[in-house]
Amino acid sequence: MNSVLSNLSNGGAPGTGAGSTVSATSPTFSPLYQQIKALITQSLQSGEWKPGELIPSEVELASRFKVSQGTVRKAIDELAAENLVVRRQGKGTFVATHHEVRAQFRFLRLMPDVGEPHSAENRVIEVKRLRAPAEVARLLEVKTGDPMIFIKRVQSFDGVPTILEELWLPGVLFKGLTAERLVEYKGPMYGLFETEFGTRMIRASEQLRAVCADEHAAQVLDVAPGKPLLSVERVSFTYGDKPVEVRRCLYLTDTHHYQNELS
């Protein structure tokens, strides 16, 4: 067993979670493939392999970590299931990226009642620097009053305003993000965060509830005040289970529905 894996076995590096750490004095009893998964995740987090890039083959990784190819395969199976890497038949395994179409719809669960899902047209209402209110600070695990980037935008499908979004982002991570940059960027927002700010969204936790449109939401979405809307509050996480975005959305569901697949 090489020195890196020896260190893992002695509790000196991540065990089971993606990018999680344990105390150097705490023993680690995770299976070997979980330790390999943690090492690969470390390389993803450090940027050794960039989003969209081909990672070394299973044979190369097995040689690198001095384990069997089957152990590496099992580690990559879990990383693929968690959407951190993507297997492509006959081509190899690639670092997942938000620029892929399928990744865009993994985080946007609003689907049309009729026809295929397609990208929305975005209109940025405002982008400004604010201090973190207490609830946002709690969700992002920062201090109340820390600098934040606040974004408000409306998304339309076929010319119909459908989603009103408010986003809170840590100002330190997203320094330089402006309304002008958001307007000129034509890809998915998470793709911009990934490419220009080095922050990749790995997973999200959401809360859904039914609400009535207030005056502002009604005006933006061009509906009557009191119109039933679907409220979705999301906290998105990057590597190491670090929260890096609070997103609050109001969905108009006259011609769309929220879709989730359970497995």
# chains A, B, ... in the order shown; residues from 1 in each chain; ligands from 1
>>> select_by_dssp(residues="region 14-256 of chain A", states="strand (DSSP E or B)", output="PyMOL selection string")
chain A and resi 54+85-88+92-95+110-112+121-131+147-157+160-170+203-212+228-238+242-251+256
>>> closest_atom_pairs(of="region 129-248 of chain A", to="region 117-124 of chain A", cutoff="10 Å", atoms="only C-alpha atoms", output="tab-separated table")
residue	atom	partner	partner_atom	distance
A:Ile151	CA	A:Val124	CA	7.7
A:Lys152	CA	A:Val124	CA	6.3
A:Arg153	CA	A:Val124	CA	4.2
A:Val154	CA	A:Arg123	CA	5.3
A:Gln155	CA	A:Asn122	CA	4.6
A:Ser156	CA	A:Glu121	CA	5.1
A:Phe157	CA	A:Ala120	CA	5.2
A:Asp158	CA	A:Ala120	CA	7.9
A:Gly159	CA	A:Glu121	CA	7.7
A:Val160	CA	A:Glu121	CA	9.3
A:Pro161	CA	A:Glu121	CA	8.9
A:Thr162	CA	A:Ala120	CA	9.0
A:Ile163	CA	A:Ala120	CA	9.3
A:Leu164	CA	A:Arg123	CA	9.8
A:Glu165	CA	A:Val124	CA	9.6
A:Ala179	CA	A:Val124	CA	7.0
A:Glu180	CA	A:Val124	CA	9.2
A:Leu182	CA	A:Val124	CA	7.5
A:Val183	CA	A:Val124	CA	6.9
A:Lys186	CA	A:Asn122	CA	9.2
A:Gly187	CA	A:Ser119	CA	9.5
A:Pro188	CA	A:Ser119	CA	8.6
A:Met189	CA	A:Asn122	CA	9.9
>>> residues_around(residues="Arg248 (chain A)", least_positions_apart="5", cutoff="12 Å", atoms="only C-alpha atoms", output="list in words")
Val136, Phe150, Ile151, Lys152, Arg153, Val154, Ile163, Leu164, Glu165, Glu166, Leu167, Trp168, Leu169, Ser205, Glu206, Gln207, Leu208, Arg209, Leu230, Ser231, Val232, Glu233, Arg234, Val235 and Ser236 of chain A
>>> closest_residue(among="A:Glu194, A:Glu141, A:Asp214, A:Glu261", to="Val244 (chain A)", atoms="only C-alpha atoms")
A:Glu141
>>> residues_around(residues="His98 (chain A)", least_positions_apart="2", cutoff="12 Å", atoms="only C-alpha atoms", output="PyMOL selection string")
chain A and resi 50-52+83-86+95-96+100-108+187-195+198-203
>>> write_last_selection(atoms="N, CA, C and O atoms", output="short mmCIF file (atom, residue, chain, number, x, y, z; two decimals), in the first residue's frame")
data_model
loop_
_atom_site.label_atom_id
_atom_site.label_comp_id
_atom_site.auth_asym_id
_atom_site.auth_seq_id
_atom_site.Cartn_x
_atom_site.Cartn_y
_atom_site.Cartn_z
N LYS A 50 -9.84 19.41 -14.84
CA LYS A 50 -10.83 20.47 -14.96
C LYS A 50 -12.17 19.93 -15.47
O LYS A 50 -12.23 18.87 -16.09
N PRO A 51 -13.27 20.67 -15.21
CA PRO A 51 -14.57 20.28 -15.75
C PRO A 51 -14.52 20.07 -17.27
O PRO A 51 -13.96 20.90 -17.99
N GLY A 52 -15.05 18.93 -17.71
CA GLY A 52 -15.04 18.60 -19.13
C GLY A 52 -13.83 17.82 -19.58
O GLY A 52 -13.82 17.29 -20.70
N ASN A 83 -22.91 12.37 -10.07
CA ASN A 83 -22.78 13.37 -11.13
C ASN A 83 -21.50 14.19 -11.04
O ASN A 83 -21.45 15.33 -11.50
N LEU A 84 -20.45 13.62 -10.43
CA LEU A 84 -19.17 14.29 -10.39
C LEU A 84 -18.34 13.97 -11.62
O LEU A 84 -17.48 14.77 -12.05
N VAL A 85 -18.54 12.80 -12.19
CA VAL A 85 -17.89 12.42 -13.44
C VAL A 85 -18.94 11.82 -14.36
O VAL A 85 -20.02 11.43 -13.93
N VAL A 86 -18.59 11.75 -15.65
CA VAL A 86 -19.50 11.21 -16.66
C VAL A 86 -18.75 10.19 -17.50
O VAL A 86 -17.67 10.48 -18.04
N VAL A 95 -14.67 14.67 -16.32
CA VAL A 95 -15.17 15.47 -15.22
C VAL A 95 -16.48 16.11 -15.65
O VAL A 95 -16.56 16.70 -16.73
N ALA A 96 -17.51 15.97 -14.84
CA ALA A 96 -18.81 16.54 -15.19
C ALA A 96 -18.71 18.06 -15.24
O ALA A 96 -17.90 18.69 -14.54
N GLU A 100 -22.91 20.88 -19.95
CA GLU A 100 -23.64 19.83 -20.61
C GLU A 100 -25.13 20.06 -20.44
O GLU A 100 -25.59 20.48 -19.37
N VAL A 101 -25.90 19.77 -21.48
CA VAL A 101 -27.34 20.02 -21.44
C VAL A 101 -28.00 19.27 -20.31
O VAL A 101 -28.83 19.81 -19.57
N ARG A 102 -27.62 18.02 -20.12
CA ARG A 102 -28.27 17.22 -19.08
C ARG A 102 -28.01 17.76 -17.69
O ARG A 102 -28.84 17.64 -16.79
N ALA A 103 -26.85 18.40 -17.50
CA ALA A 103 -26.53 18.98 -16.19
C ALA A 103 -27.41 20.19 -15.90
O ALA A 103 -27.79 20.44 -14.75
N GLN A 104 -27.77 20.94 -16.94
CA GLN A 104 -28.61 22.10 -16.76
C GLN A 104 -29.97 21.72 -16.20
O GLN A 104 -30.52 22.39 -15.32
N PHE A 105 -30.54 20.63 -16.70
CA PHE A 105 -31.87 20.22 -16.26
C PHE A 105 -31.83 19.40 -14.97
O PHE A 105 -32.87 19.10 -14.39
N ARG A 106 -30.62 19.06 -14.50
CA ARG A 106 -30.53 18.39 -13.21
C ARG A 106 -30.87 19.36 -12.09
O ARG A 106 -31.40 18.97 -11.05
N PHE A 107 -30.58 20.65 -12.29
CA PHE A 107 -30.85 21.65 -11.27
C PHE A 107 -32.11 22.46 -11.56
O PHE A 107 -32.64 23.11 -10.67
N LEU A 108 -32.58 22.45 -12.80
CA LEU A 108 -33.85 23.10 -13.12
C LEU A 108 -34.89 22.02 -13.34
O LEU A 108 -34.90 21.33 -14.35
N GLY A 187 -24.53 31.19 -21.63
CA GLY A 187 -24.69 29.81 -21.18
C GLY A 187 -25.43 29.75 -19.85
O GLY A 187 -25.95 30.75 -19.35
N PRO A 188 -25.49 28.56 -19.24
CA PRO A 188 -26.15 28.40 -17.94
C PRO A 188 -25.38 29.14 -16.85
O PRO A 188 -24.15 29.20 -16.88
N MET A 189 -26.11 29.69 -15.89
CA MET A 189 -25.48 30.45 -14.81
C MET A 189 -24.46 29.61 -14.05
O MET A 189 -23.37 30.08 -13.71
N TYR A 190 -24.81 28.34 -13.78
CA TYR A 190 -23.87 27.49 -13.06
C TYR A 190 -22.62 27.24 -13.90
O TYR A 190 -21.55 26.98 -13.35
N GLY A 191 -22.74 27.28 -15.21
CA GLY A 191 -21.57 27.17 -16.07
C GLY A 191 -20.65 28.36 -15.92
O GLY A 191 -19.42 28.22 -15.90
N LEU A 192 -21.23 29.54 -15.77
CA LEU A 192 -20.44 30.75 -15.52
C LEU A 192 -19.72 30.65 -14.19
O LEU A 192 -18.53 30.96 -14.08
N PHE A 193 -20.44 30.20 -13.15
CA PHE A 193 -19.82 30.06 -11.83
C PHE A 193 -18.65 29.08 -11.90
O PHE A 193 -17.61 29.29 -11.27
N GLU A 194 -18.83 28.01 -12.65
CA GLU A 194 -17.81 26.97 -12.77
C GLU A 194 -16.58 27.46 -13.52
O GLU A 194 -15.44 27.27 -13.08
N THR A 195 -16.81 28.13 -14.65
CA THR A 195 -15.72 28.53 -15.54
C THR A 195 -14.94 29.73 -15.02
O THR A 195 -13.71 29.75 -15.05
N GLY A 198 -14.54 29.35 -10.52
CA GLY A 198 -13.99 28.12 -9.96
C GLY A 198 -14.88 27.44 -8.93
O GLY A 198 -14.38 26.74 -8.06
N THR A 199 -16.19 27.67 -9.04
CA THR A 199 -17.13 27.09 -8.08
C THR A 199 -18.12 26.20 -8.81
O THR A 199 -18.92 26.69 -9.60
N ARG A 200 -18.03 24.91 -8.55
CA ARG A 200 -18.93 23.96 -9.19
C ARG A 200 -19.99 23.49 -8.19
O ARG A 200 -19.68 23.07 -7.09
N MET A 201 -21.24 23.61 -8.60
CA MET A 201 -22.34 23.14 -7.76
C MET A 201 -22.43 21.62 -7.88
O MET A 201 -22.58 21.08 -8.97
N ILE A 202 -22.34 20.94 -6.72
CA ILE A 202 -22.33 19.48 -6.69
C ILE A 202 -23.71 18.92 -6.40
O ILE A 202 -24.16 17.96 -7.01
N ARG A 203 -24.37 19.51 -5.42
CA ARG A 203 -25.69 19.03 -5.04
C ARG A 203 -26.48 20.20 -4.47
O ARG A 203 -25.94 21.28 -4.22
#
